[in-house]
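Asker: This one is data36.txt, compact mmCIF, C-alpha atoms and all ligand atoms.
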# COMPACT_ATOMS: atom_id res chain seq x y z
CA MET H 1 12.76 18.57 -4.29
CA SER H 2 14.78 16.77 -6.87
CA VAL H 3 14.30 16.71 -10.61
CA HIS H 4 12.07 13.63 -10.42
CA SER H 5 9.77 15.11 -7.81
CA GLU H 6 9.05 18.07 -10.07
CA LEU H 7 7.98 15.95 -13.03
CA LYS H 8 4.27 16.14 -13.66
CA LYS H 9 3.08 12.57 -13.67
CA ILE H 10 4.95 9.75 -11.97
CA THR H 11 5.28 6.55 -13.98
CA THR H 12 6.84 3.17 -13.29
CA GLU H 13 9.82 4.47 -15.26
CA THR H 14 10.14 7.45 -12.89
CA LEU H 15 10.38 5.06 -9.93
CA ARG H 16 13.04 3.02 -11.73
CA LYS H 17 15.08 6.20 -12.34
CA MET H 18 14.66 7.24 -8.70
CA LYS H 19 16.29 4.02 -7.59
CA PHE H 20 19.08 4.49 -10.13
CA ASP H 21 19.67 8.06 -8.88
CA GLY H 22 19.41 7.11 -5.22
CA GLU H 23 16.31 9.21 -4.60
CA LYS H 24 13.98 7.59 -2.05
CA ILE H 25 10.47 6.71 -3.23
CA THR H 26 7.46 7.67 -1.10
CA MET H 27 4.16 5.83 -1.01
CA LEU H 28 1.04 6.07 1.16
CA THR H 29 -2.34 4.38 0.97
CA ALA H 30 -5.62 6.08 0.11
CA TYR H 31 -9.06 4.62 -0.45
CA ASP H 32 -11.23 7.63 -1.27
CA PHE H 33 -11.28 10.81 -3.38
CA THR H 34 -10.81 13.40 -0.63
CA THR H 35 -7.91 11.60 1.01
CA ALA H 36 -6.27 10.85 -2.34
CA LYS H 37 -6.35 14.57 -3.16
CA MET H 38 -4.60 15.44 0.10
CA VAL H 39 -2.05 12.66 -0.20
CA ASP H 40 -1.28 13.58 -3.82
CA SER H 41 -1.00 17.28 -2.94
CA GLY H 42 1.35 16.40 -0.08
CA GLY H 43 3.75 15.15 -2.71
CA VAL H 44 3.96 11.37 -2.45
CA ASP H 45 5.30 9.64 -5.54
CA SER H 46 2.82 6.79 -5.43
CA ILE H 47 -0.55 6.00 -3.87
CA LEU H 48 -1.50 2.47 -2.92
CA VAL H 49 -5.16 1.54 -2.92
CA GLY H 50 -4.37 -1.20 -0.43
CA ASP H 51 -6.58 -4.11 0.50
CA SER H 52 -5.93 -2.74 3.99
CA ALA H 53 -9.18 -0.97 3.05
CA ALA H 54 -10.73 -4.16 4.44
CA ASN H 55 -9.33 -3.14 7.86
CA VAL H 56 -9.43 0.65 7.94
CA MET H 57 -12.49 1.28 5.73
CA ALA H 58 -14.65 -1.76 6.40
CA GLY H 59 -13.56 -2.80 9.90
CA TYR H 60 -12.65 -6.41 9.11
CA GLU H 61 -9.99 -8.24 11.16
CA THR H 62 -8.04 -9.31 8.08
CA THR H 63 -7.69 -8.25 4.45
CA LEU H 64 -9.30 -11.45 3.16
CA PRO H 65 -12.99 -10.44 2.88
CA ILE H 66 -12.65 -7.44 0.56
CA THR H 67 -13.87 -8.15 -2.98
CA LEU H 68 -12.55 -7.14 -6.39
CA ASP H 69 -15.68 -5.02 -6.97
CA GLN H 70 -15.03 -3.18 -3.69
CA MET H 71 -11.34 -2.64 -4.53
CA ILE H 72 -12.35 -1.34 -7.97
CA TYR H 73 -14.76 1.12 -6.32
CA HIS H 74 -12.04 2.41 -3.96
CA THR H 75 -9.63 2.72 -6.88
CA GLN H 76 -12.10 4.71 -8.97
CA CYS H 77 -12.57 7.13 -6.07
CA VAL H 78 -8.80 7.55 -5.57
CA VAL H 79 -7.96 8.01 -9.26
CA ARG H 80 -10.41 10.95 -9.49
CA GLY H 81 -8.44 12.75 -6.77
CA VAL H 82 -4.93 12.20 -8.15
CA GLU H 83 -2.98 14.44 -10.52
CA ARG H 84 0.60 13.35 -10.07
CA ALA H 85 1.13 10.13 -8.11
CA LEU H 86 1.31 6.65 -9.61
CA VAL H 87 -1.81 4.79 -8.45
CA VAL H 88 -1.19 1.13 -7.59
CA ALA H 89 -4.13 -1.06 -6.57
CA ASP H 90 -3.98 -4.30 -4.59
CA LEU H 91 -5.67 -7.27 -6.20
CA PRO H 92 -7.59 -8.85 -3.31
CA PHE H 93 -7.37 -12.37 -1.94
CA GLY H 94 -8.68 -15.05 -4.27
CA THR H 95 -8.60 -13.02 -7.47
CA TYR H 96 -5.18 -14.04 -8.83
CA GLN H 97 -3.78 -17.06 -6.92
CA SER H 98 -5.90 -19.85 -8.39
CA ASN H 99 -5.11 -19.60 -12.08
CA SER H 100 -3.37 -17.19 -14.38
CA ASP H 101 -6.38 -16.56 -16.65
CA LYS H 102 -8.40 -15.44 -13.67
CA ALA H 103 -5.43 -13.31 -12.52
CA LEU H 104 -5.29 -11.55 -15.86
CA GLU H 105 -9.05 -11.04 -15.86
CA SER H 106 -8.85 -9.46 -12.38
CA ALA H 107 -5.95 -7.22 -13.34
CA VAL H 108 -7.68 -6.11 -16.54
CA ARG H 109 -10.83 -5.21 -14.59
CA MET H 110 -8.74 -3.22 -12.11
CA MET H 111 -7.08 -1.26 -14.92
CA LYS H 112 -10.14 -0.86 -17.15
CA GLU H 113 -12.87 -0.24 -14.56
CA GLY H 114 -10.79 0.97 -11.61
CA GLY H 115 -8.47 3.18 -13.63
CA ALA H 116 -5.39 2.00 -11.71
CA HIS H 117 -1.96 2.61 -13.21
CA ALA H 118 -0.60 -0.69 -11.88
CA VAL H 119 -1.63 -3.66 -9.73
CA LYS H 120 0.06 -5.23 -6.70
CA ILE H 121 -0.08 -8.93 -5.86
CA GLU H 122 1.35 -10.91 -2.94
CA GLY H 123 3.76 -13.82 -3.30
CA GLY H 124 6.73 -15.22 -5.20
CA VAL H 125 7.28 -18.40 -7.17
CA GLU H 126 3.80 -19.70 -6.24
CA ILE H 127 2.17 -17.04 -8.42
CA GLU H 128 4.79 -16.98 -11.19
CA LYS H 129 2.29 -17.84 -13.95
CA SER H 130 -0.14 -15.14 -12.86
CA ILE H 131 2.58 -12.48 -12.80
CA LYS H 132 3.83 -13.52 -16.23
CA LYS H 133 0.37 -13.38 -17.74
CA ILE H 134 -0.45 -9.94 -16.28
CA VAL H 135 2.92 -8.45 -17.26
CA ASN H 136 2.62 -9.88 -20.77
CA ALA H 137 -0.72 -8.08 -21.14
CA GLY H 138 1.10 -4.79 -20.63
CA ILE H 139 -0.04 -4.22 -17.06
CA PRO H 140 2.61 -3.03 -14.61
CA VAL H 141 2.88 -5.36 -11.61
CA MET H 142 4.24 -4.52 -8.16
CA GLY H 143 5.28 -7.57 -6.13
CA HIS H 144 4.87 -8.01 -2.37
CA LEU H 145 7.07 -10.32 -0.25
CA GLY H 146 7.73 -10.93 3.45
CA LEU H 147 4.64 -10.47 5.60
CA THR H 148 1.89 -11.12 3.08
CA PRO H 149 -1.36 -10.45 4.96
CA GLN H 150 -3.53 -12.42 2.53
CA SER H 151 -1.73 -15.58 3.81
CA ILE H 152 -2.22 -14.73 7.48
CA TYR H 153 -4.09 -17.95 8.25
CA GLN H 154 -1.12 -19.97 7.00
CA PHE H 155 1.24 -18.11 9.37
CA GLY H 156 -1.04 -17.35 12.28
CA THR H 157 0.80 -14.16 13.32
CA TYR H 158 1.87 -10.76 12.02
CA LYS H 159 5.41 -11.24 13.37
CA VAL H 160 8.58 -10.43 11.44
CA ARG H 161 9.13 -12.77 8.49
CA ALA H 162 12.29 -14.36 7.05
CA LYS H 163 14.34 -14.32 10.24
CA GLU H 164 15.56 -17.86 9.54
CA ASP H 165 18.12 -18.50 6.80
CA ALA H 166 15.90 -20.79 4.72
CA GLU H 167 13.04 -18.29 4.60
CA ALA H 168 15.47 -15.44 3.89
CA GLU H 169 17.00 -17.33 0.98
CA LYS H 170 13.57 -18.10 -0.42
CA LEU H 171 12.65 -14.42 -0.17
CA LEU H 172 15.83 -13.33 -1.96
CA SER H 173 15.25 -15.82 -4.76
CA ASP H 174 11.58 -14.75 -5.02
CA ALA H 175 12.72 -11.12 -5.31
CA LYS H 176 15.09 -12.01 -8.16
CA LEU H 177 12.31 -13.98 -9.84
CA LEU H 178 9.88 -11.05 -9.58
CA GLU H 179 12.47 -8.84 -11.26
CA GLU H 180 12.99 -11.42 -14.02
CA LEU H 181 9.24 -11.74 -14.55
CA GLY H 182 9.06 -8.02 -15.20
CA CYS H 183 7.64 -6.57 -11.99
CA PHE H 184 8.46 -2.85 -11.86
CA ALA H 185 8.88 -2.69 -8.07
CA LEU H 186 8.21 -4.72 -4.99
CA VAL H 187 6.97 -4.22 -1.43
CA LEU H 188 8.98 -5.77 1.39
CA GLU H 189 6.87 -6.05 4.52
CA LYS H 190 8.14 -6.74 8.06
CA ILE H 191 11.48 -8.42 7.37
CA PRO H 192 14.90 -7.81 8.98
CA ALA H 193 16.57 -4.60 7.79
CA GLY H 194 19.72 -6.50 6.80
CA LEU H 195 17.79 -8.81 4.50
CA ALA H 196 15.89 -5.91 2.93
CA LYS H 197 19.23 -4.18 2.24
CA LYS H 198 20.60 -7.32 0.61
CA VAL H 199 17.48 -7.71 -1.55
CA SER H 200 17.55 -4.03 -2.54
CA GLU H 201 21.20 -4.31 -3.60
CA SER H 202 20.61 -7.56 -5.49
CA ILE H 203 17.89 -6.35 -7.84
CA SER H 204 17.55 -3.33 -10.11
CA ILE H 205 13.84 -2.72 -9.53
CA PRO H 206 12.92 -0.53 -6.52
CA THR H 207 12.00 -2.04 -3.16
CA ILE H 208 9.34 -0.25 -1.10
CA GLY H 209 9.59 -1.17 2.57
CA ILE H 210 7.12 -1.28 5.44
CA GLY H 211 8.88 -2.47 8.57
CA ALA H 212 11.88 -3.39 6.41
CA GLY H 213 14.47 -0.82 7.50
CA ALA H 214 16.13 2.22 5.98
CA ASP H 215 17.89 0.62 3.04
CA CYS H 216 14.84 -0.04 0.93
CA ASP H 217 14.53 2.22 -2.11
CA GLY H 218 11.29 3.65 -0.75
CA GLN H 219 8.82 3.47 2.11
CA VAL H 220 5.08 2.87 2.35
CA LEU H 221 2.69 3.34 5.28
CA VAL H 222 -1.05 3.11 5.71
CA TYR H 223 -2.44 6.68 5.73
CA HIS H 224 -4.77 6.11 8.71
CA ASP H 225 -1.85 4.80 10.77
CA MET H 226 0.60 7.62 9.99
CA VAL H 227 -1.87 10.42 10.69
CA GLY H 228 -2.88 8.72 13.95
CA MET H 229 -6.49 7.91 13.11
CA ASN H 230 -6.04 4.22 13.83
CA LYS H 231 -5.81 4.39 17.60
CA GLY H 232 -5.15 0.80 18.61
CA PHE H 233 -2.53 0.03 15.96
CA SER H 234 1.07 0.72 17.03
CA PRO H 235 3.55 -1.70 15.51
CA LYS H 236 7.22 -0.81 16.00
CA PHE H 237 7.66 0.19 12.34
CA LEU H 238 4.98 2.89 12.47
CA ARG H 239 5.84 6.57 12.81
CA ARG H 240 2.80 8.67 13.77
CA TYR H 241 3.00 12.17 12.28
CA ARG H 242 -0.22 13.47 13.82
CA ASP H 243 -2.79 12.43 16.40
CA LEU H 244 -5.90 12.89 14.27
CA TYR H 245 -7.93 10.50 16.41
CA THR H 246 -7.71 13.02 19.27
CA GLU H 247 -8.13 16.00 16.92
CA ILE H 248 -11.28 14.60 15.33
CA THR H 249 -12.98 13.25 18.44
CA GLY H 250 -12.19 16.64 20.02
CA ALA H 251 -13.84 18.49 17.13
CA VAL H 252 -16.89 16.22 17.34
CA SER H 253 -17.31 16.75 21.07
CA GLU H 254 -16.99 20.54 20.68
CA TYR H 255 -19.71 20.42 18.01
CA VAL H 256 -21.94 18.34 20.29
CA LYS H 257 -21.39 20.82 23.12
CA ASP H 258 -22.11 23.82 20.86
CA VAL H 259 -25.36 22.37 19.51
CA LYS H 260 -26.56 21.23 22.92
CA SER H 261 -25.89 24.70 24.36
CA ALA H 262 -27.53 26.40 21.34
CA ASP H 263 -24.21 28.20 20.65
CA PHE H 264 -24.28 26.77 17.10
CA PRO H 265 -25.52 28.05 14.75
CA ASN H 266 -25.09 31.73 15.60
CA GLN H 267 -26.50 34.69 13.64
CA ASN H 268 -23.62 34.73 11.12
CA GLU H 269 -24.24 31.09 10.42
CA SER H 270 -27.95 31.62 9.77
CA TYR H 271 -29.96 33.06 6.81
N1 LIG B 301 -4.07 -0.28 9.30
C1 LIG B 301 -3.28 -1.14 8.67
N2 LIG B 301 -1.97 -0.89 8.63
C2 LIG B 301 -1.11 -1.75 8.02
O1 LIG B 301 0.09 -1.47 8.00
C3 LIG B 301 -1.66 -2.91 7.42
C4 LIG B 301 -3.05 -3.13 7.48
N3 LIG B 301 -3.82 -2.25 8.13
N4 LIG B 301 -3.61 -4.21 6.91
C5 LIG B 301 -2.84 -5.03 6.01
C6 LIG B 301 -1.46 -5.15 6.48
C7 LIG B 301 -1.30 -5.95 7.75
N5 LIG B 301 -0.13 -5.37 8.33
C8 LIG B 301 0.22 -5.55 9.67
C9 LIG B 301 -0.68 -6.10 10.54
C10 LIG B 301 -0.39 -6.25 11.87
C11 LIG B 301 0.82 -5.87 12.33
C12 LIG B 301 1.04 -6.03 13.79
O2 LIG B 301 0.10 -6.10 14.56
N6 LIG B 301 2.17 -6.00 14.26
C13 LIG B 301 2.39 -5.96 15.66
C14 LIG B 301 2.29 -7.31 16.38
C15 LIG B 301 2.72 -8.49 15.58
C16 LIG B 301 2.90 -9.74 16.42
O3 LIG B 301 3.91 -9.82 17.12
O4 LIG B 301 2.03 -10.64 16.35
C17 LIG B 301 3.74 -5.31 15.90
O5 LIG B 301 3.96 -4.90 17.02
O6 LIG B 301 4.48 -5.13 14.92
C18 LIG B 301 1.75 -5.32 11.45
C19 LIG B 301 1.44 -5.16 10.12
C20 LIG B 301 0.32 -4.26 7.53
N7 LIG B 301 -0.86 -3.85 6.80
C1 LIG B 302 0.64 -2.31 3.81
C2 LIG B 302 0.59 -2.16 2.33
C3 LIG B 302 1.88 -2.52 1.68
C4 LIG B 302 -0.55 -2.94 1.75
O1 LIG B 302 -0.41 -3.92 1.05
C5 LIG B 302 -1.91 -2.47 2.05
O2 LIG B 302 -2.07 -1.36 2.58
O3 LIG B 302 -2.85 -3.20 1.74
MG MG B 303 -2.22 -5.03 0.82
Can the structure from this file be put into structure tokens for me?
Ligand SMILES: Nc1nc(=O)c2c([nH]1)NC[C@@H]1CN(c3ccc(C(=O)N[C@@H](CCC(=O)O)C(=O)O)cc3)CN21
Ligand SMILES: CC(C)C(=O)C(=O)O
Ligand SMILES: [Mg+2]
Answerer:
Amino acid sequence: MSVHSELKKITTETLRKMKFDGEKITMLTAYDFTTAKMVDSGGVDSILVGDSAANVMAGYETTLPITLDQMIYHTQCVVRGVERALVVADLPFGTYQSNSDKALESAVRMMKEGGAHAVKIEGGVEIEKSIKKIVNAGIPVMGHLGLTPQSIYQFGTYKVRAKEDAEAEKLLSDAKLLEELGCFALVLEKIPAGLAKKVSESISIPTIGIGAGADCDGQVLVYHDMVGMNKGFSPKFLRRYRDLYTEITGAVSEYVKDVKSADFPNQNESY
């Protein structure tokens, strides 16, 4: 563990210093108190209350349906379980794109009611005014470029983004703009590793990659994916550290067997 990892509470400034010192930044999602406690205790630098909650918590196909009230609820639960990590919360679809006053209102609610330490929003130049307004209110903003799942219906697929030169140039200029606007970090999702390296070297704020290669300043994964709870989901970028789907269904079927056979509860488990 380096000097930064031993510091008590991680701030946006800590992440900035990590990039400067060449220490990789770690981030995982969490959506509830119990998981947040485990993820924080495991030592990640930052926890993302992702709108992927729409998928892994609520069972929706896309991230679009989750509401600001629901994201605030998840964030409140996570914050209660965290001692050290920086808690970043996604602002959901429709709560910041339309106008910058609404964006600020959404971000303020997320900070005030949710207790988040920062918010994350998807997009570049299109949401410039919203980013400016939120940053100017003193709220740390994390950007998100590349595969932006809230725009899935505009793209139609979850394939790698910015493979063509024009899209890659747009992404690089968006990244520079996000830095200028005062974002403290930015997520790069599903883009070529070479482009992510170039972006990471071109800006001084940290890049957190998911499917964006090894040269990002940090990495983020969805908790349910990396512990192997999310059985059907195996994109190339995912590394599964456990097979909890098998572990948990196994535990459940043992319990069922034990109750059916009257093995559980035994005398020690009774009053
Ligand atoms: N559980 C979960 N994990 C995530 O990483 C995640 C979410 N949900 N929800 C929000 C976004 C959406 N993301 C996604 C969604 C789909 C693919 C995907 O299916 N990729 C496949 C096929 C893509 C294709 O070719 O159409 C792949 O093999 O990479 C990747 C990232 C990442 N985020
Ligand atoms: C995949 C990460 C970056 C995200 O935005 C989410 O979990 O919602
Ligand atoms: Mg998200």
Asker: Got a sec: who's within 8 Å of range 85-101 of chain H, counting all atoms listed in the file, leaving out chain neighbours fewer than 4 positions off, as an MDAnalysis selection string?
Answerer: chainID H and resid 9:12 40 43:51 63:68 71 75 79 105:107 110 116:121 127 129:131 133 142 150
Asker: Using only C-alpha atoms and all ligand atoms, which protein or nucleic acid residues are at most 7 Å from ligand LIG 301 (chain B), as number ranges by chain?
Answerer: H: 51-52, 55-56, 62-63, 149, 157-159, 221-222, 224-225, 230, 233-237
Asker: Is it possible to get the axis-aligned box enclosing ligand LIG 302 (chain B) (all listed atoms, 8 Å extra per side) as JSON, with centre and edge lengths in Å rounded to one decimal?
Answerer:
{"center_x": -0.5, "center_y": -2.6, "center_z": 2.4, "size_x": 20.7, "size_y": 18.6, "size_z": 18.8}
Asker: Please list, as a VMD selection string, the residues that have an atom at most 8 Å away from (-15.2, -2.2, -10.8) in the coordinates of this file, counting all atoms listed in the file.
Answerer: chain H and resid 68 to 73 76 109 to 110 113 to 114
Asker: When you look at range 14-25 of chain H with a cut-off of 8 Å (counting only C-alpha atoms), what residues show up, excluding the ones that are within fewer than 6 positions of it in the same chain? I need them as a PyMOL selection string.
Answerer: chain H and resi 4+45-46+184-185+204-206+208+217-219
Asker: Between CA of Arg161 in chain H and CA of Ile191 in chain H, what distance in Å does the model show, to one decimal?
Answerer: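 For CA of Arg161 in chain H relative to CA of Ile191 in chain H, the distance reads 5.1 Å.
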Asker: Counting only C-alpha atoms, which residue out of H:Phe264, H:Tyr153, H:Tyr241, H:Tyr31 sits closest to Cys77 in chain H?
Answerer: H:Tyr31
Asker: Tell me, in Å to one decimal, how far CA of Val199 in chain H is from CA of Gly156 in chain H.
Answerer: 25.0 Å
Asker: Quick one: distance from CA of Val256 in chain H to CA of Met229 in chain H in Å, one decimal?
Answerer: 20.0 Å
Asker: Using only C-alpha atoms and all ligand atoms, can you tell me which of H:Glu269, H:Glu201, H:Glu122, H:Glu128 comes closest to ligand LIG 302 (chain B)?
Answerer: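 Using only C-alpha atoms and all ligand atoms, ligand LIG 302 (chain B) sits closest to H:Glu122.
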Asker: Need to verify the contact set: Val78 in chain H, 7 Å, all atoms listed in the file, exclusion of same-chain residues closer than 6 positions in sequence. Can you return it as JSON, numbers by chain?
Answerer: {"H": [30, 31, 32, 33, 36]}
Asker: Give me a file of those residues, with C-alpha atoms, as a PDB file, in the coordinates of the input.
Answerer:
ATOM      1  CA  ALA H  30      -5.620   6.080   0.110  1.00  0.00           C
ATOM      2  CA  TYR H  31      -9.060   4.620  -0.450  1.00  0.00           C
ATOM      3  CA  ASP H  32     -11.230   7.630  -1.270  1.00  0.00           C
ATOM      4  CA  PHE H  33     -11.280  10.810  -3.380  1.00  0.00           C
ATOM      5  CA  ALA H  36      -6.270  10.850  -2.340  1.00  0.00           C
TER       6      ALA H  36
END
Asker: Kindly write C-alpha atoms of range 26-133 of chain H from the structure just given to a file, as a CSV table (one decimal), in the first residue's frame.
Answerer:
chain,number,residue,atom,x,y,z
H,26,THR,CA,-9.4,1.7,-8.1
H,27,MET,CA,-13.2,2.0,-8.3
H,28,LEU,CA,-16.1,-0.4,-8.0
H,29,THR,CA,-19.8,0.1,-7.9
H,30,ALA,CA,-22.1,-0.5,-4.9
H,31,TYR,CA,-25.8,0.2,-4.5
H,32,ASP,CA,-26.5,-0.8,-0.9
H,33,PHE,CA,-25.1,-0.5,2.7
H,34,THR,CA,-23.9,-4.1,3.1
H,35,THR,CA,-22.0,-4.2,-0.2
H,36,ALA,CA,-20.6,-0.7,0.3
H,37,LYS,CA,-19.1,-1.8,3.6
H,38,MET,CA,-17.4,-4.8,2.0
H,39,VAL,CA,-16.2,-2.8,-1.0
H,40,ASP,CA,-14.9,0.0,1.2
H,41,SER,CA,-13.2,-2.5,3.6
H,42,GLY,CA,-11.6,-4.3,0.6
H,43,GLY,CA,-9.7,-1.0,0.0
H,44,VAL,CA,-11.1,0.6,-3.2
H,45,ASP,CA,-10.3,4.3,-3.5
H,46,SER,CA,-13.7,5.2,-4.9
H,47,ILE,CA,-17.2,3.7,-5.0
H,48,LEU,CA,-19.6,4.5,-7.8
H,49,VAL,CA,-23.3,4.4,-7.1
H,50,GLY,CA,-23.9,3.7,-10.8
H,51,ASP,CA,-27.1,3.9,-12.7
H,52,SER,CA,-26.2,0.3,-13.6
H,53,ALA,CA,-28.4,-0.2,-10.5
H,54,ALA,CA,-31.2,-0.1,-13.1
H,55,ASN,CA,-29.7,-3.3,-14.5
H,56,VAL,CA,-28.3,-5.2,-11.6
H,57,MET,CA,-30.7,-4.0,-8.8
H,58,ALA,CA,-33.9,-3.5,-10.7
H,59,GLY,CA,-33.6,-5.9,-13.7
H,60,TYR,CA,-34.2,-3.3,-16.5
H,61,GLU,CA,-32.6,-3.8,-19.9
H,62,THR,CA,-31.1,-0.4,-20.0
H,63,THR,CA,-30.1,2.3,-17.5
H,64,LEU,CA,-32.7,4.7,-18.7
H,65,PRO,CA,-35.7,4.0,-16.4
H,66,ILE,CA,-34.0,4.6,-13.0
H,67,THR,CA,-35.1,7.8,-11.4
H,68,LEU,CA,-33.3,10.5,-9.4
H,69,ASP,CA,-35.3,9.5,-6.3
H,70,GLN,CA,-34.1,5.9,-6.7
H,71,MET,CA,-30.5,6.9,-7.3
H,72,ILE,CA,-30.7,9.1,-4.2
H,73,TYR,CA,-32.0,6.1,-2.1
H,74,HIS,CA,-29.2,3.9,-3.3
H,75,THR,CA,-26.6,6.6,-2.6
H,76,GLN,CA,-27.9,7.1,1.0
H,77,CYS,CA,-27.6,3.4,1.6
H,78,VAL,CA,-24.0,3.3,0.2
H,79,VAL,CA,-22.8,6.4,2.1
H,80,ARG,CA,-23.9,4.8,5.4
H,81,GLY,CA,-21.5,1.9,4.8
H,82,VAL,CA,-18.4,3.8,3.7
H,83,GLU,CA,-15.6,5.1,5.9
H,84,ARG,CA,-12.8,5.8,3.4
H,85,ALA,CA,-13.7,5.7,-0.3
H,86,LEU,CA,-14.9,8.7,-2.3
H,87,VAL,CA,-18.5,8.1,-3.2
H,88,VAL,CA,-19.5,9.2,-6.7
H,89,ALA,CA,-23.1,8.9,-7.8
H,90,ASP,CA,-24.4,8.8,-11.3
H,91,LEU,CA,-27.1,11.4,-12.2
H,92,PRO,CA,-29.7,9.3,-14.1
H,93,PHE,CA,-31.0,9.9,-17.7
H,94,GLY,CA,-33.1,13.0,-18.1
H,95,THR,CA,-32.0,14.8,-14.9
H,96,TYR,CA,-29.2,17.0,-16.4
H,97,GLN,CA,-29.2,17.0,-20.2
H,98,SER,CA,-32.2,19.2,-20.9
H,99,ASN,CA,-31.1,22.4,-19.1
H,100,SER,CA,-28.4,23.5,-16.8
H,101,ASP,CA,-30.7,24.8,-14.0
H,102,LYS,CA,-32.3,21.3,-13.9
H,103,ALA,CA,-28.8,19.8,-13.9
H,104,LEU,CA,-27.8,21.8,-10.9
H,105,GLU,CA,-31.0,21.0,-9.1
H,106,SER,CA,-30.4,17.3,-9.6
H,107,ALA,CA,-26.8,17.5,-8.5
H,108,VAL,CA,-27.7,19.5,-5.4
H,109,ARG,CA,-30.4,16.9,-4.5
H,110,MET,CA,-27.8,14.1,-5.0
H,111,MET,CA,-25.3,15.8,-2.7
H,112,LYS,CA,-27.8,17.1,-0.1
H,113,GLU,CA,-30.2,14.2,0.2
H,114,GLY,CA,-28.1,11.4,-1.2
H,115,GLY,CA,-24.9,12.4,0.7
H,116,ALA,CA,-22.7,11.7,-2.3
H,117,HIS,CA,-19.2,13.2,-2.4
H,118,ALA,CA,-19.4,13.9,-6.2
H,119,VAL,CA,-21.7,13.3,-9.2
H,120,LYS,CA,-21.0,11.7,-12.6
H,121,ILE,CA,-22.7,12.7,-15.8
H,122,GLU,CA,-22.3,11.3,-19.3
H,123,GLY,CA,-21.3,13.4,-22.4
H,124,GLY,CA,-19.0,16.1,-23.6
H,125,VAL,CA,-19.6,19.4,-25.4
H,126,GLU,CA,-23.4,18.7,-25.5
H,127,ILE,CA,-23.7,19.1,-21.7
H,128,GLU,CA,-21.1,21.8,-21.3
H,129,LYS,CA,-23.5,24.3,-19.7
H,130,SER,CA,-24.7,21.7,-17.2
H,131,ILE,CA,-21.2,20.8,-16.2
H,132,LYS,CA,-20.2,24.4,-15.8
H,133,LYS,CA,-23.2,25.2,-13.6
